[in-house]
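**Student:** Below you will find the structure I want to go over with you.
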Amino acid sequence: MRTLPPLALAAALAATLLLTACDDDKTSADDAKNADRPGGSACAVGDLGMEVGAGAAPAAGDTGNVTVTLTNNGTPCTLKGFPAVDLVADDSKASVPADQAARSDEARSLQLAKDATASFTITYVRGEAGGAQSLPVRKATFGLPGATSTHDLTWSYGEVALKGKAGEPEATVSAFQTAGD
């Protein structure tokens with residue numbers, strides 16, 4: 001009787017384990033619910049409750065803040081970096097850049113247990129109503145890192161000032177931060 005050397009035995013065992021872990025190509029209801037979660041760890045918009053609080057800019061040139069608080073209603077998940085935020089007008093949209101001062105937080109991950117909360121803030125400069133350097137925003141759309149779906153927020157905080165020749169919004173979005181107690 002012939003025996004396998006220990007290294008060959010270990011390789012054969014590893015290959016067997018890899019083959020038994022293969023996907024069976026079946027889709028379940030949980031798969032559809034978690035489709036936005038690569039590896040099951042990124043938070044999905046559909047599993048998060050949302051609350052919006054604003055310190056709206058009262059007049060053109062003033063700075064305002066719109067804070068979005070997210071509550072995890074699903075299984076534990078992770079938020080990492082910055083949300084993708086677009087400001088949408090009737091005939092155009094503009095992406096909101098990440099806050100440069102908060103760039104160091106970009107790689108920080110927040111683990112959200114069930115019922116835990118996190119928030120992000122959109123800071124903007126109010127534009128002059130009807131002005132050439134203003135974007136008449138009607139809604140803000142945001143997406144989470146690692147997710148394909150987005151969520152719309154009604155924007156009732158006035159026009160957003162534009163800067164530069166490219167017409168970028170005079171706005172930034174913060175990294176995700178732990179919210180609540």
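Lettering and numbering for the structure tokens are positional, with chains as A, B, ... in the shown order, residues counted from 1 in each chain, and ligands counted from 1 in the shown order.
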Find the residues around Pro83 in chain A up to 8 Å (only C-alpha atoms counted), leave out those fewer than 5 positions away in its own chain, and share them as a list in words.
**Tutor:**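 Near Pro83 in chain A, the qualifying residues are Phe120, Phe142, Gly143, Leu144, Pro145, Val173, Ala175 and Phe176 of chain A.
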**Student:** Could the residues in this selection be written to a file with C-alpha atoms, as a PDB file, in the first residue's frame?
**Tutor:**
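See again.pdb below for the written result:
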```pdb
ATOM      1  CA  PHE A 120     -23.389  62.002   7.054  1.00  0.00           C
ATOM      2  CA  PHE A 142     -27.308  59.267  -2.324  1.00  0.00           C
ATOM      3  CA  GLY A 143     -25.770  55.832  -2.606  1.00  0.00           C
ATOM      4  CA  LEU A 144     -23.777  53.792  -0.139  1.00  0.00           C
ATOM      5  CA  PRO A 145     -20.281  52.419  -0.782  1.00  0.00           C
ATOM      6  CA  VAL A 173     -20.308  65.606   1.888  1.00  0.00           C
ATOM      7  CA  ALA A 175     -17.651  60.730   5.817  1.00  0.00           C
ATOM      8  CA  PHE A 176     -19.995  58.449   7.735  1.00  0.00           C
TER       9      PHE A 176
END
```
**Student:** Could you please write out, as number ranges by chain, every residue of range 41-149 of chain A that DSSP assigns to strand (DSSP E or B)?
**Tutor:** A: 42, 48-55, 63-72, 77-80, 84-88, 93-96, 98, 109-112, 117-126, 134-135, 139-143
**Student:** Only N, CA and C atoms, please: the residues just picked out, written as a short mmCIF file (atom, residue, chain, number, x, y, z; two decimals), in the first residue's frame.
**Tutor:**
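The resulting file, part-v8.cif, is shown below:
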```cif
data_model
loop_
_atom_site.label_atom_id
_atom_site.label_comp_id
_atom_site.auth_asym_id
_atom_site.auth_seq_id
_atom_site.Cartn_x
_atom_site.Cartn_y
_atom_site.Cartn_z
N ALA A 42 -21.45 44.99 3.23
CA ALA A 42 -21.77 46.40 3.02
C ALA A 42 -23.25 46.64 3.31
N LEU A 48 -31.96 50.24 5.68
CA LEU A 48 -31.68 51.38 6.54
C LEU A 48 -32.88 52.31 6.63
N GLY A 49 -33.24 52.68 7.86
CA GLY A 49 -34.22 53.73 8.06
C GLY A 49 -33.50 55.06 7.90
N MET A 50 -34.22 56.11 7.57
CA MET A 50 -33.57 57.38 7.31
C MET A 50 -34.35 58.53 7.94
N GLU A 51 -33.59 59.46 8.50
CA GLU A 51 -34.15 60.69 9.07
C GLU A 51 -33.29 61.85 8.60
N VAL A 52 -33.92 62.94 8.18
CA VAL A 52 -33.19 64.10 7.66
C VAL A 52 -33.43 65.28 8.59
N GLY A 53 -32.34 65.94 8.95
CA GLY A 53 -32.42 67.16 9.74
C GLY A 53 -31.61 68.23 9.03
N ALA A 54 -32.11 69.45 9.00
CA ALA A 54 -31.42 70.49 8.25
C ALA A 54 -31.30 71.77 9.05
N GLY A 55 -30.17 72.40 8.85
CA GLY A 55 -29.94 73.76 9.27
C GLY A 55 -29.81 74.54 7.97
N THR A 63 -24.19 79.49 4.51
CA THR A 63 -23.89 78.06 4.51
C THR A 63 -24.96 77.31 5.28
N GLY A 64 -25.38 76.17 4.72
CA GLY A 64 -26.37 75.32 5.37
C GLY A 64 -25.87 73.89 5.47
N ASN A 65 -26.50 73.12 6.31
CA ASN A 65 -26.16 71.70 6.51
C ASN A 65 -27.41 70.85 6.45
N VAL A 66 -27.30 69.72 5.78
CA VAL A 66 -28.37 68.74 5.74
C VAL A 66 -27.76 67.44 6.25
N THR A 67 -28.22 66.98 7.41
CA THR A 67 -27.69 65.77 8.02
C THR A 67 -28.66 64.62 7.81
N VAL A 68 -28.13 63.52 7.29
CA VAL A 68 -28.92 62.32 7.05
C VAL A 68 -28.48 61.28 8.07
N THR A 69 -29.42 60.83 8.91
CA THR A 69 -29.13 59.80 9.91
C THR A 69 -29.73 58.50 9.43
N LEU A 70 -28.91 57.47 9.41
CA LEU A 70 -29.32 56.15 8.93
C LEU A 70 -29.37 55.18 10.10
N THR A 71 -30.44 54.40 10.21
CA THR A 71 -30.59 53.40 11.26
C THR A 71 -30.64 52.03 10.60
N ASN A 72 -29.78 51.13 11.06
CA ASN A 72 -29.73 49.79 10.49
C ASN A 72 -30.90 48.96 11.00
N CYS A 77 -23.93 45.32 9.42
CA CYS A 77 -23.33 45.67 8.13
C CYS A 77 -22.27 46.73 8.35
N THR A 78 -21.59 47.11 7.26
CA THR A 78 -20.48 48.05 7.34
C THR A 78 -20.69 49.22 6.39
N LEU A 79 -20.39 50.42 6.87
CA LEU A 79 -20.33 51.63 6.04
C LEU A 79 -18.87 52.05 6.02
N LYS A 80 -18.34 52.30 4.85
CA LYS A 80 -16.93 52.68 4.75
C LYS A 80 -16.79 53.87 3.82
N ALA A 84 -22.09 58.53 -1.96
CA ALA A 84 -22.06 59.22 -3.26
C ALA A 84 -23.33 60.07 -3.32
N VAL A 85 -23.16 61.38 -3.41
CA VAL A 85 -24.31 62.30 -3.39
C VAL A 85 -24.35 63.11 -4.68
N ASP A 86 -25.53 63.15 -5.30
CA ASP A 86 -25.78 64.00 -6.47
C ASP A 86 -26.90 64.96 -6.13
N LEU A 87 -26.74 66.22 -6.55
CA LEU A 87 -27.80 67.22 -6.44
C LEU A 87 -28.47 67.28 -7.80
N VAL A 88 -29.80 67.11 -7.83
CA VAL A 88 -30.54 66.99 -9.08
C VAL A 88 -31.48 68.17 -9.26
N LYS A 93 -27.69 67.54 -13.19
CA LYS A 93 -27.31 67.08 -11.86
C LYS A 93 -25.83 67.34 -11.66
N ALA A 94 -25.43 67.44 -10.41
CA ALA A 94 -24.04 67.69 -10.07
C ALA A 94 -23.64 66.81 -8.90
N SER A 95 -22.48 66.19 -9.01
CA SER A 95 -21.97 65.35 -7.93
C SER A 95 -21.34 66.21 -6.85
N VAL A 96 -21.59 65.84 -5.61
CA VAL A 96 -21.05 66.56 -4.47
C VAL A 96 -19.74 65.89 -4.06
N ALA A 98 -16.36 64.87 -1.79
CA ALA A 98 -16.10 64.59 -0.38
C ALA A 98 -15.41 65.79 0.25
N SER A 109 -13.94 52.44 8.65
CA SER A 109 -15.16 51.65 8.53
C SER A 109 -15.99 51.79 9.80
N LEU A 110 -17.30 51.85 9.62
CA LEU A 110 -18.22 51.83 10.76
C LEU A 110 -19.02 50.54 10.69
N GLN A 111 -18.97 49.78 11.76
CA GLN A 111 -19.77 48.56 11.86
C GLN A 111 -21.11 48.96 12.47
N LEU A 112 -22.20 48.64 11.79
CA LEU A 112 -23.52 48.97 12.30
C LEU A 112 -24.25 47.70 12.71
N THR A 117 -27.00 53.53 14.61
CA THR A 117 -27.16 54.65 13.69
C THR A 117 -25.82 55.24 13.28
N ALA A 118 -25.82 55.81 12.09
CA ALA A 118 -24.68 56.55 11.55
C ALA A 118 -25.25 57.73 10.77
N SER A 119 -24.43 58.73 10.52
CA SER A 119 -24.92 59.88 9.78
C SER A 119 -23.85 60.41 8.84
N PHE A 120 -24.29 61.22 7.90
CA PHE A 120 -23.39 62.00 7.05
C PHE A 120 -24.05 63.36 6.85
N THR A 121 -23.23 64.36 6.52
CA THR A 121 -23.74 65.72 6.38
C THR A 121 -23.34 66.31 5.03
N ILE A 122 -24.33 66.90 4.37
CA ILE A 122 -24.09 67.66 3.15
C ILE A 122 -24.02 69.13 3.58
N THR A 123 -22.88 69.77 3.35
CA THR A 123 -22.72 71.19 3.66
C THR A 123 -22.74 71.94 2.33
N TYR A 124 -23.52 73.00 2.23
CA TYR A 124 -23.67 73.71 0.96
C TYR A 124 -23.75 75.22 1.18
N VAL A 125 -23.49 75.96 0.11
CA VAL A 125 -23.67 77.40 0.11
C VAL A 125 -24.90 77.68 -0.73
N ARG A 126 -25.82 78.45 -0.15
CA ARG A 126 -27.06 78.76 -0.87
C ARG A 126 -26.77 79.72 -2.02
N SER A 134 -26.17 79.36 -9.95
CA SER A 134 -26.96 78.63 -8.96
C SER A 134 -27.57 77.40 -9.62
N LEU A 135 -27.69 76.34 -8.85
CA LEU A 135 -28.34 75.11 -9.30
C LEU A 135 -29.67 74.99 -8.57
N LYS A 139 -33.93 67.63 -5.71
CA LYS A 139 -33.72 66.45 -4.87
C LYS A 139 -32.23 66.15 -4.79
N ALA A 140 -31.88 65.41 -3.75
CA ALA A 140 -30.52 64.89 -3.60
C ALA A 140 -30.65 63.37 -3.63
N THR A 141 -29.74 62.74 -4.33
CA THR A 141 -29.72 61.29 -4.42
C THR A 141 -28.43 60.81 -3.77
N PHE A 142 -28.54 59.79 -2.91
CA PHE A 142 -27.31 59.27 -2.32
C PHE A 142 -27.26 57.75 -2.45
N GLY A 143 -26.03 57.26 -2.55
CA GLY A 143 -25.77 55.83 -2.61
C GLY A 143 -24.71 55.48 -1.58
#
```
**Student:** List as a PyMOL selection string the protein and nucleic acid residues near Pro169 in chain A, meaning an atom at most 7 Å away when only C-alpha atoms are counted, but skip any in the same chain fewer than 2 places from it.
**Tutor:** chain A and resi 94+96+160-163+167+171
**Student:** Would you export the selected residues with N, CA and C atoms as a short mmCIF file (atom, residue, chain, number, x, y, z; two decimals), in the first residue's frame, please?
**Tutor:**
```
data_model
loop_
_atom_site.label_atom_id
_atom_site.label_comp_id
_atom_site.auth_asym_id
_atom_site.auth_seq_id
_atom_site.Cartn_x
_atom_site.Cartn_y
_atom_site.Cartn_z
N ALA A 94 -25.43 67.44 -10.41
CA ALA A 94 -24.04 67.69 -10.07
C ALA A 94 -23.64 66.81 -8.90
N VAL A 96 -21.59 65.84 -5.61
CA VAL A 96 -21.05 66.56 -4.47
C VAL A 96 -19.74 65.89 -4.06
N VAL A 160 -28.45 75.88 -4.81
CA VAL A 160 -27.07 75.69 -4.36
C VAL A 160 -26.15 76.47 -5.29
N ALA A 161 -25.25 77.23 -4.69
CA ALA A 161 -24.30 78.03 -5.47
C ALA A 161 -23.37 77.11 -6.26
N LEU A 162 -22.98 77.59 -7.44
CA LEU A 162 -22.02 76.87 -8.28
C LEU A 162 -20.71 77.64 -8.28
N LYS A 163 -19.61 76.93 -8.48
CA LYS A 163 -18.31 77.58 -8.51
C LYS A 163 -17.53 77.09 -9.73
N GLY A 167 -18.96 74.56 -13.24
CA GLY A 167 -20.26 74.60 -12.57
C GLY A 167 -20.41 73.57 -11.47
N ALA A 171 -20.52 72.71 -2.45
CA ALA A 171 -21.04 71.79 -1.45
C ALA A 171 -20.02 70.68 -1.23
#
```
**Student:** Please, what distance in Å, to one decimal, runs between CA of Ser174 in chain A and CA of Ser156 in chain A?
**Tutor:**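 About the pair CA of Ser174 in chain A and CA of Ser156 in chain A: they are 19.9 Å apart.
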**Student:** In Å to one decimal, how far is CA of Ala147 in chain A from CA of Val45 in chain A?
**Tutor:**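 The value is 7.7 Å.
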**Student:** Of the candidates A:Ala179, A:Asn73, A:Trp155, A:Lys165, which shows the shortest atom-to-atom distance to Ala113 in chain A, using only C-alpha atoms?
**Tutor:**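 Residue with the minimum atom-to-atom distance to Ala113 in chain A: A:Asn73.
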**Student:** Report, in Å to a single decimal, how far apart CA of Ala57 in chain A and CA of Gly158 in chain A are.
**Tutor:** 7.8 Å
